[in-house]
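Peer 1: For reference, the structure I am asking about is given below.
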Amino acid sequence: MHERSSAGHPVEIRLAAGADADALAALYRQLTGDARTRVLPERLDALAGGERAQVLVCECGGELAGTAWLGFCDDIMYGEQPFAVLENLVVDARWRGRGLGAMPLREAERRSLARDCSKIMLLSSLGREDAHRFFLRAGFRGDAKRGFVKHRGQMAG
């Protein structure tokens, strides 16, 4: 999918490939602040088919400027209709404020509709007020459900 940023740069939204691993790891480190973040090229290549999960990337001016992870979950509540989960939506700090976050979000919605998903769910860290406002402007409801997280280190072994 091709669009233009608010600054007029050509933008391409596409599925990630192994060659994007280092740039994606840098984006995820901006999101989490976790220096241990690493993205494996072979994992990206394995996901490139996109049957269960897709890693979308937003290329702007020849740079990887943003990304989003989109997962498709089988459900039983509405026959065979799945639902989608959106995670790790991040735009490089140098590219923020140019409309680039909305592009992978629209593409995730387009892909979810194409799969007949009943909904898209996402979580956002509590302190990310700018992101929360962005999601609300994009039509997500912050009052519909409450998210809970238990990280690996907190699970019973």
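Just so we're on the same page: first chain in the structure tokens is A, next is B, and so on; residues restart at 1 for each chain, and ligands are numbered from 1 in the order they show up.
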Go through region 13-124 of chain A and flag each residue having an atom no more than 12 Å from region 144-149 of chain A; for those, report the closest pair of atoms plus their distance in Å to one decimal, using only C-alpha atoms, ordered by chain and rising number, as CSV.

Peer 2:
```
residue,atom,partner,partner_atom,distance
A:Lys119,CA,A:Ala144,CA,11.9
A:Met121,CA,A:Lys145,CA,9.4
A:Leu122,CA,A:Gly147,CA,8.6
A:Leu123,CA,A:Gly147,CA,6.6
A:Ser124,CA,A:Gly147,CA,8.9
```

Peer 1: Show which residues sit within 9 Å of Phe72 (chain A), as a list in words. Count only C-alpha atoms, and ignore same-chain residues fewer than 5 positions away.

Peer 2: Glu51, Arg52, Ala53, Gln54, Pro82, Phe83, Ala84, Val85, Ser112, Arg115 and Cys117 of chain A

Peer 1: Can you measure CA of Leu86 (chain A) to CA of Gln154 (chain A) for me? One decimal in Å is fine.

Peer 2: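 Result for CA of Leu86 (chain A) versus CA of Gln154 (chain A): 23.0 Å, one decimal.
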
Peer 1: Can you tell me which residues surround region 96-102 of chain A at a distance of at most 12 Å, considering only C-alpha atoms, apart from same-chain residues fewer than 2 positions away, and format the answer as a PyMOL selection string?

Peer 2: chain A and resi 2-13+56-61+64-68+88-94+104-109+130-131+134-139

Peer 1: Looking at A:Leu70, A:Met103, A:Ala19, A:Arg110, which one is nearest to Leu44 (chain A), with distances taken over only C-alpha atoms?

Peer 2: A:Ala19

Peer 1: Between A:Arg133, A:Asp22, A:Leu27, A:Val55, single out the one closest to Pro41 (chain A), counting only C-alpha atoms.

Peer 2: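 For Pro41 (chain A), the nearest of the candidates is A:Asp22.
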
Peer 1: Just the residues within 10 Å of region 125-127 of chain A, please, counting only C-alpha atoms, with nothing from its chain fewer than 5 positions along; format it as a list of chain:residue names.

Peer 2: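 Final neighbour list, sorted by chain and number: A:Leu31, A:Thr32, A:His132, A:Gly147.
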
Peer 1: Run DSSP on the backbone of this structure and report the residues of region 52-156 of chain A it assigns to helix (DSSP H, G or I), as a short mmCIF file (atom, residue, chain, number, x, y, z; two decimals) with N, CA, C and O atoms, in the first residue's frame.

Peer 2:
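Result written to part.cif:
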```cif
data_model
loop_
_atom_site.label_atom_id
_atom_site.label_comp_id
_atom_site.auth_asym_id
_atom_site.auth_seq_id
_atom_site.Cartn_x
_atom_site.Cartn_y
_atom_site.Cartn_z
N ALA A 93 10.73 8.03 16.74
CA ALA A 93 10.60 9.36 17.32
C ALA A 93 10.88 10.46 16.30
O ALA A 93 10.26 11.52 16.33
N ARG A 94 11.79 10.20 15.36
CA ARG A 94 12.13 11.22 14.35
C ARG A 94 11.01 11.44 13.35
O ARG A 94 10.99 12.46 12.66
N TRP A 95 10.07 10.50 13.25
CA TRP A 95 9.01 10.57 12.25
C TRP A 95 7.64 10.86 12.85
O TRP A 95 6.65 10.95 12.12
N ALA A 102 -1.08 6.38 11.79
CA ALA A 102 -2.41 6.05 11.28
C ALA A 102 -2.34 5.09 10.09
O ALA A 102 -3.28 4.32 9.86
N MET A 103 -1.24 5.11 9.35
CA MET A 103 -1.17 4.28 8.14
C MET A 103 -1.11 2.79 8.44
O MET A 103 -1.90 2.02 7.88
N PRO A 104 -0.20 2.31 9.32
CA PRO A 104 -0.25 0.87 9.63
C PRO A 104 -1.54 0.49 10.36
O PRO A 104 -2.03 -0.63 10.22
N LEU A 105 -2.10 1.43 11.10
CA LEU A 105 -3.37 1.16 11.79
C LEU A 105 -4.49 0.94 10.77
O LEU A 105 -5.26 -0.02 10.87
N ARG A 106 -4.56 1.79 9.75
CA ARG A 106 -5.57 1.60 8.69
C ARG A 106 -5.34 0.30 7.94
O ARG A 106 -6.28 -0.41 7.59
N GLU A 107 -4.08 -0.03 7.69
CA GLU A 107 -3.77 -1.28 7.00
C GLU A 107 -4.15 -2.48 7.86
O GLU A 107 -4.67 -3.47 7.34
N ALA A 108 -3.93 -2.39 9.17
CA ALA A 108 -4.35 -3.47 10.07
C ALA A 108 -5.87 -3.63 10.03
O ALA A 108 -6.39 -4.75 10.01
N GLU A 109 -6.60 -2.52 10.01
CA GLU A 109 -8.05 -2.58 9.92
C GLU A 109 -8.48 -3.20 8.59
O GLU A 109 -9.38 -4.06 8.56
N ARG A 110 -7.84 -2.81 7.51
CA ARG A 110 -8.18 -3.35 6.19
C ARG A 110 -7.96 -4.87 6.17
O ARG A 110 -8.81 -5.63 5.71
N ARG A 111 -6.82 -5.31 6.70
CA ARG A 111 -6.51 -6.73 6.71
C ARG A 111 -7.45 -7.50 7.64
O ARG A 111 -7.83 -8.64 7.35
N SER A 112 -7.84 -6.90 8.75
CA SER A 112 -8.78 -7.53 9.68
C SER A 112 -10.16 -7.67 9.06
O SER A 112 -10.82 -8.71 9.21
N LEU A 113 -10.60 -6.66 8.36
CA LEU A 113 -11.88 -6.74 7.66
C LEU A 113 -11.84 -7.80 6.56
O LEU A 113 -12.80 -8.54 6.37
N ALA A 114 -10.74 -7.89 5.85
CA ALA A 114 -10.60 -8.88 4.79
C ALA A 114 -10.69 -10.30 5.34
O ALA A 114 -11.10 -11.23 4.63
N GLU A 129 0.08 8.42 27.39
CA GLU A 129 -1.12 9.23 27.18
C GLU A 129 -1.27 9.70 25.73
O GLU A 129 -2.38 9.74 25.21
N ASP A 130 -0.17 10.06 25.08
CA ASP A 130 -0.25 10.47 23.68
C ASP A 130 -0.77 9.33 22.82
O ASP A 130 -1.61 9.53 21.93
N ALA A 131 -0.29 8.11 23.07
CA ALA A 131 -0.76 6.95 22.31
C ALA A 131 -2.23 6.71 22.59
O ALA A 131 -2.99 6.39 21.67
N HIS A 132 -2.65 6.88 23.84
CA HIS A 132 -4.07 6.67 24.18
C HIS A 132 -4.96 7.64 23.42
O HIS A 132 -6.00 7.23 22.87
N ARG A 133 -4.56 8.89 23.34
CA ARG A 133 -5.34 9.87 22.59
C ARG A 133 -5.39 9.50 21.10
O ARG A 133 -6.42 9.62 20.45
N PHE A 134 -4.27 9.03 20.58
CA PHE A 134 -4.20 8.60 19.20
C PHE A 134 -5.18 7.45 18.94
O PHE A 134 -5.94 7.47 17.97
N PHE A 135 -5.20 6.45 19.82
CA PHE A 135 -6.10 5.31 19.64
C PHE A 135 -7.57 5.74 19.74
O PHE A 135 -8.41 5.26 18.99
N LEU A 136 -7.86 6.64 20.65
CA LEU A 136 -9.24 7.14 20.76
C LEU A 136 -9.65 7.88 19.50
O LEU A 136 -10.76 7.68 18.99
N ARG A 137 -8.76 8.73 18.96
CA ARG A 137 -9.07 9.44 17.71
C ARG A 137 -9.28 8.47 16.56
O ARG A 137 -10.05 8.75 15.63
N ARG A 152 6.14 -13.27 31.88
CA ARG A 152 6.75 -14.59 32.09
C ARG A 152 7.33 -14.77 33.49
O ARG A 152 7.13 -15.79 34.13
N GLY A 153 8.05 -13.78 33.98
CA GLY A 153 8.67 -13.88 35.29
C GLY A 153 7.68 -13.95 36.46
O GLY A 153 8.04 -14.31 37.56
N GLN A 154 6.44 -13.64 36.20
CA GLN A 154 5.41 -13.66 37.23
C GLN A 154 4.57 -14.94 37.19
O GLN A 154 3.71 -15.14 38.04
#
```

Peer 1: Would you compute the distance between CA of Arg14 (chain A) and CA of Thr37 (chain A)? Give it in Å to one decimal.

Peer 2: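 A separation of 22.1 Å between them.
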
Peer 1: How would you write, as number ranges by chain, the set of residues in region 23-125 of chain A that DSSP gives as strand (DSSP E)?

Peer 2: A: 53-60, 63-73, 83-91, 120-122

Peer 1: Here is a test: counting only C-alpha atoms, which residue of A:Gly79, A:Leu15, A:Ala25, A:Glu63 is nearest to Ala48 (chain A)?

Peer 2: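 When distances to Ala48 (chain A) are compared using only C-alpha atoms, the smallest one comes from A:Leu15.
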
Peer 1: Quick one: residues within 9 Å of Arg43 (chain A), only C-alpha atoms counted, chain neighbours fewer than 4 positions away excluded, as an MDAnalysis selection string?

Peer 2: chainID A and resid 17:18 39 47:48

Peer 1: Record the distance separating CA of Glu87 (chain A) and CA of Ala16 (chain A), expressed in Å with one decimal.

Peer 2: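 Value for the CA of Glu87 (chain A)-CA of Ala16 (chain A) distance: 14.5 Å.
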